[in-house]
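Enquirer: upload-v7.csv is the file, holding CSV, N, CA and C atoms:
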chain,number,residue,atom,x,y,z
A,1,MET,N,99.0,83.4,124.3
A,1,MET,CA,99.4,82.6,123.2
A,1,MET,C,100.8,83.1,122.7
A,2,ASN,N,101.7,82.3,122.4
A,2,ASN,CA,103.0,82.7,121.9
A,2,ASN,C,102.9,83.1,120.4
A,3,GLU,N,103.8,83.9,120.0
A,3,GLU,CA,103.8,84.4,118.6
A,3,GLU,C,103.8,83.3,117.5
A,4,GLU,N,104.5,82.3,117.7
A,4,GLU,CA,104.6,81.2,116.7
A,4,GLU,C,103.2,80.5,116.5
A,5,LEU,N,102.5,80.3,117.6
A,5,LEU,CA,101.2,79.7,117.5
A,5,LEU,C,100.2,80.7,116.9
A,6,ALA,N,100.3,82.0,117.2
A,6,ALA,CA,99.5,83.0,116.5
A,6,ALA,C,99.7,83.0,115.0
A,7,GLU,N,101.0,83.0,114.6
A,7,GLU,CA,101.3,82.9,113.2
A,7,GLU,C,100.8,81.6,112.5
A,8,LEU,N,100.9,80.5,113.2
A,8,LEU,CA,100.4,79.3,112.7
A,8,LEU,C,98.8,79.3,112.5
A,9,ALA,N,98.1,80.0,113.4
A,9,ALA,CA,96.7,80.2,113.3
A,9,ALA,C,96.4,80.9,112.0
A,10,VAL,N,97.1,82.0,111.8
A,10,VAL,CA,96.9,82.8,110.6
A,10,VAL,C,97.2,82.0,109.3
A,11,SER,N,98.3,81.2,109.3
A,11,SER,CA,98.6,80.4,108.2
A,11,SER,C,97.6,79.3,107.9
A,12,GLY,N,97.1,78.7,109.0
A,12,GLY,CA,96.1,77.6,108.8
A,12,GLY,C,94.8,78.2,108.3
A,13,ALA,N,94.4,79.3,108.9
A,13,ALA,CA,93.1,79.9,108.4
A,13,ALA,C,93.2,80.3,107.0
A,14,THR,N,94.3,80.9,106.6
A,14,THR,CA,94.5,81.4,105.2
A,14,THR,C,94.5,80.2,104.3
A,15,ALA,N,95.2,79.1,104.6
A,15,ALA,CA,95.2,77.9,103.8
A,15,ALA,C,93.8,77.4,103.6
A,16,LEU,N,93.0,77.3,104.8
A,16,LEU,CA,91.7,76.8,104.7
A,16,LEU,C,90.8,77.6,103.8
A,17,VAL,N,90.8,78.9,104.0
A,17,VAL,CA,89.9,79.8,103.2
A,17,VAL,C,90.3,79.8,101.8
A,18,SER,N,91.6,79.8,101.5
A,18,SER,CA,92.1,79.8,100.2
A,18,SER,C,91.7,78.5,99.4
A,19,ALA,N,91.5,77.5,100.1
A,19,ALA,CA,91.1,76.2,99.5
A,19,ALA,C,89.6,76.2,99.1
A,20,MET,N,88.8,77.0,99.7
A,20,MET,CA,87.4,77.1,99.5
A,20,MET,C,87.2,77.4,98.0
A,21,GLY,N,86.3,76.6,97.4
A,21,GLY,CA,86.0,76.8,96.0
A,21,GLY,C,87.0,76.3,95.0
A,22,THR,N,88.0,75.6,95.5
A,22,THR,CA,89.0,75.0,94.6
A,22,THR,C,89.1,73.5,94.8
A,23,ASP,N,89.9,72.9,94.0
A,23,ASP,CA,90.1,71.4,94.1
A,23,ASP,C,90.7,71.0,95.4
A,24,LEU,N,91.3,71.9,96.1
A,24,LEU,CA,91.9,71.5,97.4
A,24,LEU,C,90.9,71.5,98.6
A,25,TRP,N,89.7,71.9,98.3
A,25,TRP,CA,88.7,72.0,99.4
A,25,TRP,C,88.5,70.7,100.2
A,26,GLN,N,88.4,69.6,99.5
A,26,GLN,CA,88.1,68.3,100.2
A,26,GLN,C,89.3,68.0,101.1
A,27,GLU,N,90.5,68.2,100.7
A,27,GLU,CA,91.7,67.9,101.5
A,27,GLU,C,91.8,68.9,102.7
A,28,ALA,N,91.5,70.1,102.4
A,28,ALA,CA,91.5,71.2,103.5
A,28,ALA,C,90.4,70.8,104.5
A,29,ARG,N,89.3,70.4,104.1
A,29,ARG,CA,88.2,70.1,105.0
A,29,ARG,C,88.6,68.9,105.8
A,30,ARG,N,89.2,67.9,105.2
A,30,ARG,CA,89.6,66.7,105.9
A,30,ARG,C,90.7,67.0,107.0
A,31,LEU,N,91.6,67.9,106.6
A,31,LEU,CA,92.7,68.3,107.6
A,31,LEU,C,92.1,69.1,108.8
A,32,MET,N,91.1,70.0,108.5
A,32,MET,CA,90.5,70.8,109.5
A,32,MET,C,89.6,69.8,110.4
A,33,GLY,N,89.0,68.8,109.7
A,33,GLY,CA,88.3,67.9,110.5
A,33,GLY,C,89.1,67.1,111.5
A,34,ARG,N,90.4,66.9,111.2
A,34,ARG,CA,91.3,66.2,112.2
A,34,ARG,C,91.5,67.1,113.4
A,35,VAL,N,91.6,68.4,113.1
A,35,VAL,CA,91.8,69.4,114.2
A,35,VAL,C,90.5,69.4,115.1
A,36,LEU,N,89.3,69.5,114.4
A,36,LEU,CA,88.1,69.5,115.2
A,36,LEU,C,87.8,68.2,115.9
A,37,ALA,N,88.3,67.1,115.4
A,37,ALA,CA,88.1,65.8,116.1
A,37,ALA,C,88.6,65.8,117.5
A,38,GLN,N,89.6,66.7,117.8
A,38,GLN,CA,90.2,66.8,119.1
A,38,GLN,C,89.6,67.8,120.0
A,39,VAL,N,88.6,68.5,119.5
A,39,VAL,CA,87.9,69.6,120.3
A,39,VAL,C,86.7,69.0,120.9
A,40,ARG,N,86.4,69.5,122.1
A,40,ARG,CA,85.2,69.0,122.8
A,40,ARG,C,84.2,70.0,123.0
A,41,GLY,N,82.9,69.6,123.1
A,41,GLY,CA,81.8,70.5,123.5
A,41,GLY,C,81.2,71.2,122.3
A,42,SER,N,80.5,72.3,122.7
A,42,SER,CA,79.7,73.1,121.7
A,42,SER,C,80.6,73.8,120.7
A,43,ARG,N,81.8,74.1,121.1
A,43,ARG,CA,82.7,74.8,120.1
A,43,ARG,C,83.0,73.9,118.9
A,44,ARG,N,83.1,72.6,119.2
A,44,ARG,CA,83.4,71.7,118.1
A,44,ARG,C,82.2,71.7,117.2
A,45,ASP,N,80.9,71.6,117.7
A,45,ASP,CA,79.7,71.6,116.9
A,45,ASP,C,79.6,72.9,116.1
A,46,GLU,N,79.9,74.0,116.7
A,46,GLU,CA,79.8,75.3,116.0
A,46,GLU,C,80.8,75.4,114.8
A,47,LEU,N,82.0,75.0,115.1
A,47,LEU,CA,83.0,75.0,114.0
A,47,LEU,C,82.8,74.0,112.9
A,48,SER,N,82.2,72.8,113.3
A,48,SER,CA,81.9,71.8,112.3
A,48,SER,C,80.8,72.3,111.4
A,49,VAL,N,79.8,73.0,111.9
A,49,VAL,CA,78.7,73.6,111.1
A,49,VAL,C,79.3,74.7,110.2
A,50,ALA,N,80.2,75.5,110.7
A,50,ALA,CA,80.8,76.6,109.9
A,50,ALA,C,81.7,75.9,108.7
A,51,LEU,N,82.3,74.8,109.1
A,51,LEU,CA,83.1,74.2,108.1
A,51,LEU,C,82.3,73.5,107.0
A,52,ASP,N,81.1,73.0,107.3
A,52,ASP,CA,80.2,72.4,106.4
A,52,ASP,C,79.5,73.3,105.5
A,53,ARG,N,79.5,74.6,105.8
A,53,ARG,CA,78.8,75.6,104.9
A,53,ARG,C,79.5,75.6,103.6
A,54,GLN,N,78.8,75.7,102.5
A,54,GLN,CA,79.3,75.7,101.2
A,54,GLN,C,80.0,77.1,101.0
A,55,SER,N,81.2,77.0,100.4
A,55,SER,CA,81.9,78.3,100.1
A,55,SER,C,81.4,78.9,98.8
A,56,THR,N,81.2,80.2,98.8
A,56,THR,CA,80.8,80.9,97.6
A,56,THR,C,82.0,81.6,97.0
A,57,ALA,N,83.2,81.3,97.6
A,57,ALA,CA,84.4,82.0,97.1
A,57,ALA,C,84.7,81.5,95.7
A,58,ALA,N,85.1,82.5,94.8
A,58,ALA,CA,85.5,82.1,93.5
A,58,ALA,C,86.9,81.6,93.6
A,59,ARG,N,87.3,80.8,92.6
A,59,ARG,CA,88.7,80.2,92.5
A,59,ARG,C,89.7,81.4,92.6
A,60,GLY,N,90.6,81.2,93.6
A,60,GLY,CA,91.6,82.2,93.8
A,60,GLY,C,91.3,83.4,94.7
A,61,ALA,N,90.0,83.5,95.0
A,61,ALA,CA,89.6,84.7,95.8
A,61,ALA,C,89.6,84.2,97.3
A,62,VAL,N,90.0,85.1,98.1
A,62,VAL,CA,90.1,84.8,99.6
A,62,VAL,C,89.2,85.8,100.3
A,63,ASP,N,88.2,85.3,101.0
A,63,ASP,CA,87.3,86.2,101.8
A,63,ASP,C,88.0,86.6,103.1
A,64,ALA,N,88.3,87.9,103.3
A,64,ALA,CA,89.0,88.4,104.4
A,64,ALA,C,88.2,88.1,105.7
A,65,GLY,N,86.9,88.2,105.7
A,65,GLY,CA,86.1,88.0,106.8
A,65,GLY,C,86.2,86.5,107.3
A,66,ALA,N,86.2,85.6,106.3
A,66,ALA,CA,86.4,84.2,106.6
A,66,ALA,C,87.7,83.9,107.2
A,67,VAL,N,88.8,84.5,106.7
A,67,VAL,CA,90.1,84.4,107.2
A,67,VAL,C,90.2,84.8,108.7
A,68,ARG,N,89.5,86.0,109.0
A,68,ARG,CA,89.5,86.5,110.4
A,68,ARG,C,88.8,85.5,111.3
A,69,TYR,N,87.6,85.0,110.8
A,69,TYR,CA,86.8,84.0,111.6
A,69,TYR,C,87.7,82.8,111.9
A,70,TRP,N,88.3,82.2,110.9
A,70,TRP,CA,89.1,81.0,111.1
A,70,TRP,C,90.4,81.2,111.9
A,71,THR,N,90.9,82.4,111.7
A,71,THR,CA,92.1,82.8,112.5
A,71,THR,C,91.8,82.8,114.0
A,72,GLU,N,90.7,83.5,114.3
A,72,GLU,CA,90.2,83.6,115.7
A,72,GLU,C,89.9,82.2,116.2
A,73,ALA,N,89.2,81.4,115.4
A,73,ALA,CA,88.9,80.0,115.9
A,73,ALA,C,90.2,79.2,116.1
A,74,LEU,N,91.1,79.2,115.2
A,74,LEU,CA,92.3,78.4,115.4
A,74,LEU,C,93.2,79.0,116.5
A,75,SER,N,93.2,80.3,116.7
A,75,SER,CA,93.9,80.9,117.8
A,75,SER,C,93.4,80.4,119.1
A,76,ARG,N,92.1,80.4,119.3
A,76,ARG,CA,91.5,79.9,120.5
A,76,ARG,C,91.8,78.5,120.8
A,77,LEU,N,91.7,77.7,119.7
A,77,LEU,CA,91.9,76.2,119.9
A,77,LEU,C,93.4,76.0,120.2
A,78,LEU,N,94.3,76.6,119.6
A,78,LEU,CA,95.7,76.4,119.9
A,78,LEU,C,96.1,77.0,121.2
A,79,ASP,N,95.4,78.0,121.7
A,79,ASP,CA,95.7,78.6,123.0
A,79,ASP,C,95.3,77.6,124.1
A,80,ARG,N,94.1,76.9,123.9
A,80,ARG,CA,93.7,75.9,124.8
A,80,ARG,C,94.4,74.6,124.8
A,81,ASP,N,94.9,74.3,123.5
A,81,ASP,CA,95.6,73.0,123.4
A,81,ASP,C,96.7,73.1,122.3
A,82,PRO,N,97.9,73.5,122.8
A,82,PRO,CA,99.0,73.7,121.8
A,82,PRO,C,99.4,72.4,121.1
A,83,GLY,N,98.9,71.2,121.6
A,83,GLY,CA,99.1,70.0,120.9
A,83,GLY,C,98.5,69.9,119.6
A,84,LEU,N,97.6,70.8,119.3
A,84,LEU,CA,96.9,70.8,118.0
A,84,LEU,C,97.8,71.3,116.9
A,85,ALA,N,98.9,71.9,117.3
A,85,ALA,CA,99.8,72.5,116.3
A,85,ALA,C,100.2,71.6,115.1
A,86,GLN,N,100.5,70.4,115.4
A,86,GLN,CA,100.9,69.5,114.3
A,86,GLN,C,99.8,69.4,113.2
A,87,ASP,N,98.6,69.2,113.6
A,87,ASP,CA,97.5,69.1,112.7
A,87,ASP,C,97.2,70.5,111.9
A,88,VAL,N,97.4,71.6,112.7
A,88,VAL,CA,97.2,72.9,112.0
A,88,VAL,C,98.4,73.1,111.1
A,89,MET,N,99.6,72.7,111.4
A,89,MET,CA,100.7,72.8,110.5
A,89,MET,C,100.4,72.0,109.2
A,90,ALA,N,99.8,70.9,109.3
A,90,ALA,CA,99.5,70.1,108.0
A,90,ALA,C,98.5,70.9,107.2
A,91,LEU,N,97.5,71.5,107.8
A,91,LEU,CA,96.6,72.4,107.1
A,91,LEU,C,97.3,73.6,106.4
A,92,ALA,N,98.2,74.2,107.2
A,92,ALA,CA,98.9,75.4,106.7
A,92,ALA,C,99.8,75.1,105.5
A,93,ALA,N,100.3,73.8,105.5
A,93,ALA,CA,101.2,73.4,104.4
A,93,ALA,C,100.5,73.0,103.2
A,94,LEU,N,99.2,73.0,103.2
A,94,LEU,CA,98.4,72.6,102.0
A,94,LEU,C,98.7,73.4,100.8
A,95,ARG,N,99.1,72.8,99.7
A,95,ARG,CA,99.5,73.5,98.5
A,95,ARG,C,98.7,72.9,97.3
A,96,SER,N,98.5,73.7,96.3
A,96,SER,CA,97.8,73.2,95.1
A,96,SER,C,98.8,72.5,94.2
A,97,PRO,N,98.5,71.3,93.8
A,97,PRO,CA,99.5,70.6,92.9
A,97,PRO,C,99.7,71.3,91.6
A,98,GLU,N,98.7,72.0,91.1
A,98,GLU,CA,98.9,72.7,89.8
A,98,GLU,C,99.7,74.0,90.0
A,99,ARG,N,99.8,74.5,91.2
A,99,ARG,CA,100.6,75.8,91.4
A,99,ARG,C,101.4,75.6,92.7
A,100,PRO,N,102.4,74.7,92.7
A,100,PRO,CA,103.1,74.4,93.9
A,100,PRO,C,104.0,75.5,94.4
A,101,ASP,N,104.2,76.6,93.6
A,101,ASP,CA,105.0,77.7,94.0
A,101,ASP,C,104.3,78.7,94.9
A,102,ILE,N,103.0,78.5,95.1
A,102,ILE,CA,102.3,79.4,96.0
A,102,ILE,C,102.6,79.1,97.4
A,103,VAL,N,103.0,80.0,98.2
A,103,VAL,CA,103.2,79.8,99.6
A,103,VAL,C,102.5,80.9,100.4
A,104,ILE,N,102.3,80.6,101.6
A,104,ILE,CA,101.8,81.5,102.6
A,104,ILE,C,102.9,82.1,103.4
A,105,GLN,N,103.0,83.4,103.4
A,105,GLN,CA,104.2,84.0,104.1
A,105,GLN,C,103.6,84.9,105.2
A,106,VAL,N,104.1,84.7,106.4
A,106,VAL,CA,103.7,85.5,107.5
A,106,VAL,C,105.0,86.2,108.0
A,107,ASN,N,105.0,87.5,108.1
A,107,ASN,CA,106.1,88.3,108.5
A,107,ASN,C,105.7,89.1,109.7
A,108,SER,N,106.6,89.2,110.7
A,108,SER,CA,106.3,90.1,111.8
A,108,SER,C,107.6,90.6,112.4
A,109,ALA,N,107.5,91.8,113.0
A,109,ALA,CA,108.6,92.4,113.6
A,109,ALA,C,108.2,93.0,114.9
A,110,THR,N,109.0,92.9,116.0
A,110,THR,CA,108.6,93.5,117.2
A,110,THR,C,109.7,94.5,117.7
A,111,HIS,N,109.4,95.3,118.6
A,111,HIS,CA,110.3,96.2,119.2
A,111,HIS,C,111.1,97.0,118.2
A,112,SER,N,110.3,97.7,117.4
A,112,SER,CA,110.8,98.6,116.3
A,112,SER,C,111.6,97.9,115.3
A,113,GLY,N,111.4,96.6,115.1
A,113,GLY,CA,112.2,95.8,114.1
A,113,GLY,C,111.6,96.1,112.7
A,114,GLU,N,112.3,95.7,111.7
A,114,GLU,CA,111.9,95.8,110.3
A,114,GLU,C,111.9,94.5,109.7
A,115,VAL,N,111.0,94.3,108.7
A,115,VAL,CA,111.0,93.0,108.0
A,115,VAL,C,111.3,93.4,106.5
A,116,PHE,N,112.2,92.7,105.9
A,116,PHE,CA,112.5,92.8,104.5
A,116,PHE,C,112.3,91.4,103.9
A,117,ALA,N,111.2,91.3,103.2
A,117,ALA,CA,110.8,89.9,102.8
A,117,ALA,C,110.5,89.9,101.3
A,118,VAL,N,110.8,88.8,100.7
A,118,VAL,CA,110.5,88.5,99.3
A,118,VAL,C,110.2,87.0,99.2
A,119,GLN,N,109.1,86.7,98.4
A,119,GLN,CA,108.8,85.3,98.2
A,119,GLN,C,109.5,84.7,97.1
A,120,HIS,N,109.6,85.4,96.0
A,120,HIS,CA,110.3,84.8,94.8
A,120,HIS,C,111.3,85.8,94.3
A,121,GLY,N,112.4,85.4,93.9
A,121,GLY,CA,113.4,86.3,93.3
A,121,GLY,C,114.4,86.7,94.4
A,122,THR,N,115.1,87.8,94.0
A,122,THR,CA,116.2,88.3,94.9
A,122,THR,C,115.8,89.7,95.4
A,123,GLN,N,116.1,90.0,96.6
A,123,GLN,CA,115.9,91.3,97.1
A,123,GLN,C,117.2,92.1,97.2
A,124,HIS,N,117.3,93.3,96.7
A,124,HIS,CA,118.5,94.1,96.7
A,124,HIS,C,118.3,95.3,97.5
A,125,PHE,N,119.3,95.7,98.2
A,125,PHE,CA,119.2,96.9,99.1
A,125,PHE,C,120.2,98.0,98.5
A,126,ALA,N,119.7,99.2,98.4
A,126,ALA,CA,120.5,100.3,98.0
A,126,ALA,C,121.1,100.9,99.3
A,127,SER,N,120.4,100.8,100.4
A,127,SER,CA,120.9,101.3,101.6
A,127,SER,C,120.4,100.5,102.8
A,128,GLY,N,121.1,100.5,103.9
A,128,GLY,CA,120.7,99.8,105.1
A,128,GLY,C,120.2,100.8,106.1
A,129,PRO,N,119.8,100.4,107.3
A,129,PRO,CA,119.3,101.2,108.3
A,129,PRO,C,120.2,102.4,108.7
A,130,GLN,N,121.5,102.1,108.7
A,130,GLN,CA,122.5,103.2,109.1
A,130,GLN,C,122.5,104.3,108.0
A,131,SER,N,122.5,104.0,106.8
A,131,SER,CA,122.6,105.0,105.7
A,131,SER,C,121.2,105.8,105.6
A,132,ARG,N,120.1,105.1,105.9
A,132,ARG,CA,118.8,105.8,105.9
A,132,ARG,C,118.8,106.9,107.0
A,133,ALA,N,119.3,106.5,108.2
A,133,ALA,CA,119.4,107.5,109.3
A,133,ALA,C,120.2,108.7,108.9
A,134,ARG,N,121.4,108.5,108.2
A,134,ARG,CA,122.2,109.6,107.8
A,134,ARG,C,121.5,110.5,106.7
A,135,ASP,N,120.8,109.8,105.8
A,135,ASP,CA,120.0,110.5,104.8
A,135,ASP,C,119.0,111.4,105.3
A,136,SER,N,118.4,111.0,106.4
A,136,SER,CA,117.3,111.8,107.0
A,136,SER,C,117.8,112.9,107.9
A,137,GLY,N,119.1,113.1,108.0
A,137,GLY,CA,119.6,114.2,108.8
A,137,GLY,C,119.9,113.8,110.2
A,138,ASP,N,119.7,112.5,110.6
A,138,ASP,CA,120.0,112.1,112.0
A,138,ASP,C,121.4,111.7,112.0
A,139,ARG,N,122.2,112.4,112.7
A,139,ARG,CA,123.7,112.1,112.8
A,139,ARG,C,124.1,111.4,114.1
A,140,SER,N,123.2,110.7,114.7
A,140,SER,CA,123.6,110.0,116.0
A,140,SER,C,124.3,108.8,115.8
For this file, write the structure as structure tokens.

Expert:
Amino acid sequence: MNEELAELAVSGATALVSAMGTDLWQEARRLMGRVLAQVRGSRRDELSVALDRQSTAARGAVDAGAVRYWTEALSRLLDRDPGLAQDVMALAALRSPERPDIVIQVNSATHSGEVFAVQHGTQHFASGPQSRARDSGDRS
């Protein structure tokens, strides 16, 4: 699975689980139902049952175990059928109308890369990678 689809699976799972116990649950459930409608076999039945379970999550709480479960499920589905990406993107884009400024942010870096990320506001740097190397005594 490519990195973009893996990140999409995380975003979709996080949006789905974040909606549990909130006013967004019915919409999240409908969007996930669109994904499941394209799945065949016993996996579809298993995920439909999991989706139908009532959430015990409190408003604003996110169950890490549930996020892992749905991330794995979406990862497998996207790996088998990358065409599901559009429907998973719709789920990942789900936002609360009362708090539209909440976003899901997924950052990753590979090959010794660094991520400098901020969701709201401005990020200021006092030093960059070069000056950090000098500060640590590395003169290369």

Enquirer: Enter the distance from atom C of Gly65 in chain A to CA of Asp79 in chain A, in Å, rounded to one decimal.

Expert: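 Going from atom C of Gly65 in chain A over to CA of Asp79 in chain A covers 20.0 Å.
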
Enquirer: Distance atom N of Arg95 in chain A-atom N of Arg34 in chain A, one decimal place?

Expert: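 A separation of 15.6 Å between them.
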
Enquirer: To one decimal in Å, tell me the separation between CA of Thr14 in chain A and CA of Ala93 in chain A.

Expert: 10.5 Å

Enquirer: Smallest atom-to-atom distance to Ala9 in chain A: which of A:Ser108, A:Trp70, A:Asp87, A:Val115, using only N, CA and C atoms?

Expert: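 Counting only N, CA and C atoms, the residue closest to Ala9 in chain A is A:Trp70.
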